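Data block for model28.cif (mmCIF, C-alpha atoms):
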data_query
#
loop_
_atom_site.label_atom_id
_atom_site.label_comp_id
_atom_site.auth_asym_id
_atom_site.auth_seq_id
_atom_site.Cartn_x
_atom_site.Cartn_y
_atom_site.Cartn_z
CA VAL A 1 -97.14 -117.07 -5.86
CA GLN A 2 -96.83 -114.43 -3.17
CA LEU A 3 -98.47 -114.72 0.24
CA GLN A 4 -99.31 -111.72 2.41
CA ALA A 5 -100.25 -112.47 6.00
CA SER A 6 -102.00 -110.10 8.36
CA GLY A 7 -104.03 -110.04 11.56
CA GLY A 8 -101.48 -110.67 14.26
CA GLY A 9 -101.27 -108.59 17.39
CA LEU A 10 -101.43 -108.50 21.16
CA VAL A 11 -104.35 -110.15 22.92
CA GLN A 12 -105.12 -111.23 26.45
CA ALA A 13 -105.41 -114.89 27.34
CA GLY A 14 -108.87 -116.16 26.50
CA GLY A 15 -109.25 -113.72 23.63
CA SER A 16 -109.51 -114.27 19.90
CA LEU A 17 -107.70 -113.26 16.75
CA ARG A 18 -108.21 -114.02 13.08
CA LEU A 19 -105.23 -114.28 10.80
CA SER A 20 -105.59 -113.77 7.06
CA CYS A 21 -103.28 -114.61 4.21
CA ALA A 22 -103.91 -113.43 0.66
CA ALA A 23 -102.32 -115.27 -2.23
CA SER A 24 -101.47 -114.02 -5.69
CA GLY A 25 -101.83 -116.04 -8.87
CA ASN A 26 -104.31 -118.66 -9.95
CA LYS A 27 -103.16 -121.77 -8.10
CA PHE A 28 -104.79 -121.08 -4.75
CA ARG A 29 -107.96 -123.12 -5.20
CA PHE A 30 -105.98 -126.22 -6.22
CA SER A 31 -103.44 -125.99 -3.41
CA ILE A 32 -102.99 -127.31 0.09
CA ILE A 33 -102.86 -124.42 2.54
CA GLY A 34 -101.58 -124.28 6.07
CA TRP A 35 -100.54 -122.20 9.04
CA TYR A 36 -97.31 -122.79 10.93
CA ARG A 37 -95.80 -121.07 13.94
CA GLN A 38 -92.36 -120.59 15.38
CA THR A 39 -90.91 -119.33 18.63
CA PRO A 40 -87.26 -118.42 19.23
CA GLY A 41 -85.01 -121.44 19.47
CA LYS A 42 -87.67 -123.88 18.29
CA GLN A 43 -88.49 -125.47 14.98
CA ARG A 44 -91.40 -124.22 12.96
CA GLU A 45 -94.43 -126.40 13.66
CA LEU A 46 -97.58 -127.09 11.73
CA VAL A 47 -100.65 -125.57 13.36
CA ALA A 48 -103.36 -126.36 10.84
CA MET A 49 -103.68 -127.60 7.30
CA LEU A 50 -106.55 -127.62 4.80
CA SER A 51 -106.51 -129.51 1.53
CA ASN A 52 -108.20 -128.45 -1.67
CA ALA A 53 -110.71 -131.24 -1.01
CA GLY A 54 -111.64 -129.85 2.39
CA SER A 55 -109.84 -132.20 4.76
CA THR A 56 -108.22 -130.61 7.78
CA ARG A 57 -105.43 -131.40 10.18
CA TYR A 58 -104.61 -129.64 13.45
CA VAL A 59 -101.84 -129.94 15.99
CA ASN A 60 -103.31 -131.40 19.18
CA SER A 61 -102.69 -128.28 21.23
CA VAL A 62 -105.09 -126.15 19.14
CA LYS A 63 -107.85 -128.66 18.42
CA GLY A 64 -111.22 -127.23 19.38
CA ARG A 65 -109.81 -123.68 19.59
CA PHE A 66 -108.45 -122.87 16.12
CA THR A 67 -110.20 -123.18 12.77
CA ILE A 68 -108.57 -123.00 9.37
CA SER A 69 -110.64 -121.95 6.39
CA ARG A 70 -110.31 -120.68 2.85
CA ASP A 71 -112.19 -118.45 0.45
CA ASN A 72 -111.18 -119.49 -3.04
CA SER A 73 -113.06 -116.57 -4.58
CA LYS A 74 -110.73 -114.22 -2.71
CA ASN A 75 -107.56 -116.35 -2.84
CA THR A 76 -107.41 -115.99 0.92
CA MET A 77 -106.88 -118.36 3.82
CA TYR A 78 -107.81 -117.71 7.43
CA LEU A 79 -106.95 -118.97 10.88
CA GLN A 80 -109.56 -118.20 13.51
CA MET A 81 -107.96 -118.50 16.93
CA ASN A 82 -110.18 -118.62 20.01
CA SER A 83 -109.46 -119.17 23.69
CA LEU A 84 -105.89 -118.07 23.14
CA LYS A 85 -103.23 -119.07 25.63
CA PRO A 86 -99.80 -117.60 26.37
CA ASP A 87 -98.30 -120.76 24.81
CA ASP A 88 -99.83 -119.71 21.50
CA THR A 89 -97.45 -116.75 21.36
CA ALA A 90 -95.38 -117.12 18.20
CA VAL A 91 -94.76 -115.82 14.73
CA TYR A 92 -97.38 -117.39 12.48
CA TYR A 93 -96.62 -118.19 8.86
CA CYS A 94 -99.02 -119.07 6.10
CA ASN A 95 -98.01 -121.78 3.65
CA LEU A 96 -99.19 -122.94 0.26
CA GLN A 97 -98.27 -126.16 -1.51
CA THR A 98 -99.25 -126.54 -5.14
CA LEU A 99 -100.20 -129.78 -6.84
CA GLY A 100 -96.93 -129.55 -8.71
CA GLY A 101 -94.97 -129.70 -5.46
CA SER A 102 -93.93 -126.06 -5.14
CA GLU A 103 -94.11 -124.50 -1.71
CA TYR A 104 -94.53 -120.87 -0.72
CA TRP A 105 -94.41 -118.98 2.57
CA GLY A 106 -95.85 -115.74 3.82
CA GLN A 107 -93.73 -113.24 5.70
CA GLY A 108 -95.00 -114.11 9.17
CA THR A 109 -97.21 -112.24 11.58
CA LEU A 110 -96.57 -112.00 15.31
CA VAL A 111 -99.19 -113.16 17.78
CA THR A 112 -98.59 -112.28 21.42
CA VAL A 113 -100.90 -113.61 24.13
CA SER A 114 -100.54 -112.01 27.52
CA SER A 115 -101.43 -113.80 30.74
#
Kindly return the structure encoded in the file as structure tokens.
Amino acid sequence: VQLQASGGGLVQAGGSLRLSCAASGNKFRFSIIGWYRQTPGKQRELVAMLSNAGSTRYVNSVKGRFTISRDNSKNTMYLQMNSLKPDDTAVYYCNLQTLGGSEYWGQGTLVTVSS
């Protein structure tokens, strides 16, 4: 499985961005997908997760602002980010975990939110 993330960029506080991550192979629809982020000197943290059954999980700081979704017909996951804050500035990584326990990461896309 290969993951290709896109959609990062520079946005002003209060603005929106949508990240996308396209997956190769045929395991996408059966997998747990997620978005993580990392800033220099800090551990990578989970931002949002979506199971193959539709259950979601968000870090408290993004609840009500970010939405994770998936399109199984396109093997693509999304992260819609609204009301962005400077604290959301980070490199965002997409993640896929298969039912067999394998884990894959995208290459990361930089999101910069200016104040």
Spatial neighbours of Thr89 in chain A, max dist 10 Å, only C-alpha atoms, sep filter under 4 positions, as JSON, numbers by chain
{"A": [9, 10, 11, 37, 38, 39, 84, 85, 110, 111, 112, 113, 114]}
Go ahead and dump the residues you just picked, C-alpha atoms, as a compact mmCIF listing (two decimals), in the coordinates of the input.
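part04.txt, freshly written:
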# COMPACT_ATOMS: atom_id res chain seq x y z
CA GLY A 9 -101.27 -108.59 17.39
CA LEU A 10 -101.43 -108.50 21.16
CA VAL A 11 -104.35 -110.15 22.92
CA ARG A 37 -95.80 -121.07 13.94
CA GLN A 38 -92.36 -120.59 15.38
CA THR A 39 -90.91 -119.33 18.63
CA LEU A 84 -105.89 -118.07 23.14
CA LYS A 85 -103.23 -119.07 25.63
CA LEU A 110 -96.57 -112.00 15.31
CA VAL A 111 -99.19 -113.16 17.78
CA THR A 112 -98.59 -112.28 21.42
CA VAL A 113 -100.90 -113.61 24.13
CA SER A 114 -100.54 -112.01 27.52
Suppose you want the space between CA of Trp105 in chain A and CA of Gly14 in chain A; what is it in Å?
28.1 Å
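We find CA of Glu45 in chain A and CA of Ala13 in chain A to be spaced 21.0 Å apart.
With the shown file loaded, the PyMOL selection byres ((chain A and resi 19) around 10) picks out Ala5, Ser6, Gly7, Gly8, Gly9, Leu17, Arg18, Ser20, Cys21, Trp35, Ile68, Met77, Tyr78, Leu79, Gln80, Met81, Tyr92, Tyr93, Cys94, Thr109 and Val111 of chain A.
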Please, could you write that set of residues out with C-alpha atoms as a JSON list (two decimals), in the frame of the given file?
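The file below, again.json, is the result:
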[["chain", "number", "residue", "atom", "x", "y", "z"],
["A", 5, "ALA", "CA", -100.25, -112.47, 6.00],
["A", 6, "SER", "CA", -102.00, -110.10, 8.36],
["A", 7, "GLY", "CA", -104.03, -110.04, 11.56],
["A", 8, "GLY", "CA", -101.48, -110.67, 14.26],
["A", 9, "GLY", "CA", -101.27, -108.59, 17.39],
["A", 17, "LEU", "CA", -107.70, -113.26, 16.75],
["A", 18, "ARG", "CA", -108.21, -114.02, 13.08],
["A", 20, "SER", "CA", -105.59, -113.77, 7.06],
["A", 21, "CYS", "CA", -103.28, -114.61, 4.21],
["A", 35, "TRP", "CA", -100.54, -122.20, 9.04],
["A", 68, "ILE", "CA", -108.57, -123.00, 9.37],
["A", 77, "MET", "CA", -106.88, -118.36, 3.82],
["A", 78, "TYR", "CA", -107.81, -117.71, 7.43],
["A", 79, "LEU", "CA", -106.95, -118.97, 10.88],
["A", 80, "GLN", "CA", -109.56, -118.20, 13.51],
["A", 81, "MET", "CA", -107.96, -118.50, 16.93],
["A", 92, "TYR", "CA", -97.38, -117.39, 12.48],
["A", 93, "TYR", "CA", -96.62, -118.19, 8.86],
["A", 94, "CYS", "CA", -99.02, -119.07, 6.10],
["A", 109, "THR", "CA", -97.21, -112.24, 11.58],
["A", 111, "VAL", "CA", -99.19, -113.16, 17.78]]
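Between CA of Ile33 in chain A and CA of Gly64 in chain A the interatomic distance comes to 19.0 Å.
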Taking the file as shown, what set of residues would the PyMOL selection byres ((chain A and resi 52) around 6) give back, as a compact mmCIF listing (two decimals) with C-alpha atoms, keeping the file's coordinate frame?
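Written file, expr_5.txt:
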# COMPACT_ATOMS: atom_id res chain seq x y z
CA PHE A 30 -105.98 -126.22 -6.22
CA SER A 31 -103.44 -125.99 -3.41
CA ILE A 32 -102.99 -127.31 0.09
CA SER A 51 -106.51 -129.51 1.53
CA ALA A 53 -110.71 -131.24 -1.01
CA GLY A 54 -111.64 -129.85 2.39
